[in-house]
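*Asks:* File my_file_38.cif below, mmCIF, C-alpha atoms:
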data_final
loop_
_atom_site.label_atom_id
_atom_site.label_comp_id
_atom_site.auth_asym_id
_atom_site.auth_seq_id
_atom_site.Cartn_x
_atom_site.Cartn_y
_atom_site.Cartn_z
CA MET W 21 250.99 125.75 160.80
CA GLU W 22 248.65 124.74 163.60
CA GLU W 23 244.95 125.56 163.24
CA GLU W 24 243.53 128.19 165.58
CA LYS W 25 241.30 126.89 168.37
CA VAL W 26 237.70 127.87 167.65
CA LYS W 27 235.19 128.11 170.53
CA VAL W 28 232.32 125.64 170.16
CA GLN W 29 228.94 127.28 169.84
CA ASN W 30 225.23 126.65 170.35
CA VAL W 31 223.46 127.62 167.16
CA ALA W 32 219.69 127.87 166.57
CA TYR W 33 217.77 127.59 163.32
CA ILE W 34 214.34 129.23 163.34
CA ARG W 35 211.89 129.17 160.43
CA VAL W 36 208.30 130.06 159.59
CA SER W 37 206.73 129.65 156.14
CA THR W 38 205.43 133.16 155.50
CA LEU W 39 206.36 136.76 156.28
CA GLU W 40 203.12 137.17 158.26
CA GLN W 41 204.00 134.39 160.71
CA ASN W 42 205.79 135.12 163.97
CA THR W 43 209.08 133.53 165.07
CA GLU W 44 208.86 134.80 168.67
CA SER W 45 207.64 131.49 170.19
CA GLN W 46 210.61 129.63 168.68
CA PHE W 47 213.05 132.19 170.13
CA LYS W 48 211.38 131.81 173.56
CA ILE W 49 211.63 127.99 173.48
CA LEU W 50 215.25 127.93 172.30
CA GLU W 51 216.67 130.67 174.55
CA GLN W 52 217.04 128.10 177.38
CA TYR W 53 219.89 126.50 175.38
CA LYS W 54 222.17 129.57 175.72
CA ILE W 55 222.31 130.20 171.98
CA ASP W 56 225.40 131.98 170.64
CA LYS W 57 224.04 132.59 167.15
CA TYR W 58 220.56 132.49 165.57
CA PHE W 59 219.70 131.83 161.93
CA GLU W 60 216.15 132.96 161.21
CA GLU W 61 214.14 132.93 158.01
CA LYS W 62 210.61 133.31 156.74
CA ILE W 63 210.48 130.93 153.79
CA SER W 64 208.82 127.66 152.76
CA GLY W 65 210.53 124.46 153.89
CA LYS W 66 209.65 122.65 150.65
CA ASN W 67 213.38 122.07 149.87
CA THR W 68 216.86 122.81 151.25
CA ALA W 69 217.54 125.80 148.94
CA ARG W 70 217.07 128.27 151.81
CA PRO W 71 219.67 131.04 152.30
CA LYS W 72 219.78 131.00 156.11
CA LEU W 73 219.72 127.18 156.33
CA LEU W 74 222.69 126.94 153.94
CA GLU W 75 224.44 129.79 155.77
CA MET W 76 223.94 127.94 159.07
CA ILE W 77 225.33 124.67 157.64
CA ASP W 78 228.30 126.64 156.31
CA TYR W 79 228.83 128.47 159.62
CA VAL W 80 228.88 125.55 162.08
CA ARG W 81 232.14 123.83 162.97
CA ASN W 82 233.26 120.63 164.70
CA GLY W 83 231.87 120.48 168.27
CA ASP W 84 229.01 122.95 167.68
CA THR W 85 225.37 122.04 168.46
CA VAL W 86 222.38 123.08 166.32
CA TYR W 87 219.03 123.49 168.10
CA VAL W 88 215.59 123.54 166.44
CA LYS W 89 212.11 123.78 167.94
CA ASP W 90 211.09 120.71 165.92
CA PHE W 91 212.14 118.88 162.76
CA SER W 92 209.40 120.49 160.65
CA ARG W 93 211.28 123.80 161.06
CA LEU W 94 214.35 122.15 159.53
CA ALA W 95 212.79 120.08 156.73
CA ARG W 96 209.45 118.92 155.38
CA SER W 97 210.69 115.66 153.85
CA THR W 98 212.66 112.74 155.30
CA LYS W 99 215.11 113.04 152.39
CA ASP W 100 215.87 116.72 153.16
CA LEU W 101 216.09 116.08 156.92
CA LEU W 102 218.58 113.25 156.40
CA TRP W 103 220.61 115.39 154.00
CA ILE W 104 220.83 118.17 156.64
CA ILE W 105 221.72 115.68 159.43
CA GLU W 106 224.39 114.12 157.20
CA LYS W 107 225.92 117.53 156.38
CA LEU W 108 226.03 118.37 160.11
CA GLU W 109 227.49 114.96 161.02
CA GLU W 110 230.19 115.35 158.35
CA LYS W 111 231.23 118.54 160.14
CA GLY W 112 231.11 116.95 163.62
CA VAL W 113 228.01 118.96 164.62
CA LYS W 114 225.22 117.69 166.94
CA LEU W 115 221.55 118.36 166.18
CA ILE W 116 218.98 118.67 168.98
CA SER W 117 215.23 118.95 168.40
CA HIS W 118 213.32 120.40 171.36
CA LYS W 119 209.87 118.96 170.56
CA GLU W 120 210.98 115.47 169.50
CA LYS W 121 213.52 115.38 172.37
CA LEU W 122 216.00 114.02 169.85
CA ASP W 123 219.76 114.49 170.09
CA THR W 124 221.69 112.99 167.16
CA SER W 125 224.68 112.28 169.43
CA THR W 126 222.73 109.97 171.81
CA PRO W 127 222.01 106.25 171.20
CA SER W 128 218.21 106.81 170.96
CA GLY W 129 218.74 109.81 168.67
CA LYS W 130 221.03 107.77 166.42
CA LEU W 131 218.43 104.96 166.38
CA MET W 132 215.68 107.35 165.29
CA VAL W 133 217.88 108.81 162.54
CA THR W 134 218.85 105.25 161.48
CA MET W 135 215.16 104.33 161.19
CA LEU W 136 214.48 107.42 159.09
CA GLY W 137 217.53 106.52 157.03
CA ALA W 138 216.32 102.95 156.49
CA ILE W 139 212.98 104.19 155.13
CA TYR W 140 214.72 106.63 152.82
CA GLU W 141 217.28 103.99 151.76
CA PHE W 142 214.45 101.67 150.74
CA GLU W 143 212.86 104.44 148.65
CA ARG W 144 216.27 105.31 147.18
CA ALA W 145 217.07 101.66 146.33
CA ASN W 146 213.87 101.49 144.30
CA LEU W 147 214.76 104.73 142.51
CA LEU W 148 218.32 103.52 141.80
CA GLU W 149 216.99 100.25 140.41
CA ARG W 150 214.88 102.23 137.93
CA GLN W 151 217.90 104.46 137.12
CA LYS W 152 220.11 101.41 136.56
CA ASP W 153 217.63 100.05 134.07
CA GLY W 154 217.61 103.43 132.31
CA ILE W 155 221.45 103.57 132.20
CA ALA W 156 221.61 100.01 130.80
CA VAL W 157 219.28 101.05 127.99
CA ALA W 158 221.28 104.27 127.37
CA LYS W 159 224.58 102.31 127.24
CA LYS W 160 223.09 99.83 124.81
CA GLU W 161 222.09 102.76 122.59
CA GLY W 162 225.53 104.41 123.03
CA LYS W 163 224.12 107.51 124.79
CA TYR W 164 225.70 107.11 128.27
CA LYS W 165 228.96 108.96 129.03
CA GLY W 166 229.38 108.78 132.87
CA ARG W 167 231.12 111.31 135.18
CA LYS W 168 234.75 112.41 135.01
CA LYS W 169 236.87 112.48 138.20
CA ILE W 170 237.54 115.89 139.81
CA THR W 171 240.93 116.53 141.47
CA LYS W 172 241.68 118.95 144.31
CA PRO W 173 242.75 122.42 143.11
CA ASP W 174 246.37 123.54 143.75
CA ASN W 175 245.24 126.15 146.33
CA TRP W 176 243.10 123.59 148.24
CA GLN W 177 245.15 123.40 151.49
CA GLU W 178 245.44 127.17 151.89
CA VAL W 179 241.71 127.79 151.26
CA TYR W 180 240.68 124.79 153.39
CA ASN W 181 242.71 126.11 156.37
CA GLU W 182 241.09 129.55 156.05
CA TRP W 183 237.63 127.92 155.97
CA THR W 184 238.24 125.68 159.03
CA THR W 185 239.29 128.70 161.11
CA ARG W 186 236.13 130.62 160.01
CA LYS W 187 238.13 133.27 158.13
CA ILE W 188 236.04 132.59 155.01
CA THR W 189 232.67 131.00 154.28
CA ALA W 190 232.15 127.81 152.27
CA LYS W 191 230.63 129.96 149.52
CA LYS W 192 233.83 132.03 149.34
CA ALA W 193 235.96 128.86 149.50
CA CYS W 194 234.01 127.38 146.58
CA GLU W 195 234.56 130.59 144.59
CA LEU W 196 238.31 130.60 145.33
CA LEU W 197 238.61 126.90 144.46
CA ASN W 198 236.18 127.05 141.52
CA LEU W 199 234.26 124.06 142.94
CA LYS W 200 230.59 123.22 143.38
CA THR W 201 229.37 123.07 147.00
CA ASN W 202 228.88 119.28 147.09
CA THR W 203 232.35 118.72 145.56
CA PHE W 204 233.86 121.04 148.19
CA TYR W 205 232.19 119.11 151.05
CA ASN W 206 233.27 115.77 149.51
CA PHE W 207 236.88 116.98 149.64
CA VAL W 208 236.33 118.23 153.23
CA LYS W 209 235.08 114.75 154.15
CA GLN W 210 238.21 113.19 152.59
CA GLU W 211 240.41 115.58 154.63
CA ARG W 212 238.66 114.61 157.88
CA GLU W 213 238.90 110.90 157.13
CA ALA W 214 242.62 111.26 156.37
CA ALA W 215 243.27 113.26 159.59
#
Could the structure of this file be written out as structure tokens, please?
*Replies:*
Amino acid sequence: MEEEKVKVQNVAYIRVSTLEQNTESQFKILEQYKIDKYFEEKISGKNTARPKLLEMIDYVRNGDTVYVKDFSRLARSTKDLLWIIEKLEEKGVKLISHKEKLDTSTPSGKLMVTMLGAIYEFERANLLERQKDGIAVAKKEGKYKGRKKITKPDNWQEVYNEWTTRKITAKKACELLNLKTNTFYNFVKQEREAA
């Protein structure tokens, strides 16, 4: 069965840290981009566990564009920003920051993201080196088990098709498949690479 054609959309993510702060200026700045759907929240940006942020990542589809006033609205750390950009890229979604004039689909935007990625990769390499040492010690002491491989559930194709045509959310898909969110998106990535 052929997938339904879904109209590409301009999506905006708007955030302030406290309930007392006003989001009006962000709406004003972003309205020039002919936004189809807004995701707004009043919550700290200290991590990515934000309901509207996760809902926005779940909502967007291939060809959509996400607009933010600036990167600090999206994330407070390089690690979180790169995680969000990666999730959007996996889904074929562009990210445009008004203040930084950065578009992840342009060569200069990709360069900027690559530079951020290089800094984070360096930090991560150091962390992994320390982890590796810890695992070596744990193996030596017989305490390390490792991860077991997860296979796609039997109802994967049916649920995946419903999700790609926006009939269900990723949260609902995860419930139906009995999968964790990151496992679900790993399988989605495999599907896209195979297509």
*Asks:* Tell me, in Å to one decimal, how far CA of Asn146 (chain W) is from CA of Ala69 (chain W).
*Replies:*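 Separating CA of Asn146 (chain W) from CA of Ala69 (chain W) is a distance of 25.0 Å.
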*Asks:* So which residues get picked by the PyMOL selection byres ((chain W and resi 98) around 9) here, written as a compact mmCIF listing (two decimals) with C-alpha atoms, keeping the file's coordinate frame?
*Replies:*
# COMPACT_ATOMS: atom_id res chain seq x y z
CA ALA W 95 212.79 120.08 156.73
CA ARG W 96 209.45 118.92 155.38
CA SER W 97 210.69 115.66 153.85
CA LYS W 99 215.11 113.04 152.39
CA ASP W 100 215.87 116.72 153.16
CA LEU W 101 216.09 116.08 156.92
CA LEU W 102 218.58 113.25 156.40
CA TRP W 103 220.61 115.39 154.00
CA LEU W 136 214.48 107.42 159.09
CA GLY W 137 217.53 106.52 157.03
CA ILE W 139 212.98 104.19 155.13
CA TYR W 140 214.72 106.63 152.82
*Asks:* Residues of region 159-205 of chain W within 12 Å of region 106-130 of chain W: nearest atom pair and distance (Å, one decimal) for each, counting all atoms listed in the file, sorted by chain and number, as a Markdown table?
*Replies:*
| residue | atom | partner | partner_atom | distance |
| --- | --- | --- | --- | --- |
| W:Thr184 | CA | W:Lys111 | CA | 10.1 |
| W:Thr201 | CA | W:Lys107 | CA | 11.4 |
| W:Asn202 | CA | W:Lys107 | CA | 9.9 |
| W:Phe204 | CA | W:Lys107 | CA | 11.9 |
| W:Tyr205 | CA | W:Lys107 | CA | 8.4 |
*Asks:* Step by step, work through what the PyMOL selection byres ((chain W and resi 93) around 8) selects in the shown file, and finish by giving those residues as a list in words.
*Replies:* Tyr33, Ile34, Arg35, Val36, Gly65, Val88, Lys89, Asp90, Phe91, Ser92, Leu94, Ala95 and Arg96 of chain W
*Asks:* Considering all atoms listed in the file, state which residue in the set W:Lys159, W:Arg81, W:Lys152, W:Lys72 is at the smallest distance from Tyr58 (chain W).
*Replies:*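 Checking each of W:Lys159, W:Arg81, W:Lys152, W:Lys72 against Tyr58 (chain W), counting all atoms listed in the file, the winner is W:Lys72.
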*Asks:* Please, what distance in Å, to one decimal, runs between CA of Thr203 (chain W) and CA of Leu147 (chain W)?
*Replies:*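 So the two atoms, CA of Thr203 (chain W) and CA of Leu147 (chain W), lie 22.7 Å apart.
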*Asks:* Using all atoms listed in the file, determine which residues lie at most 10 Å from Lys192 (chain W), disregarding the query and same-chain residues fewer than 5 positions distant; provide the list as a VMD selection string.
*Replies:* chain W and resid 179 183 187 197 to 198
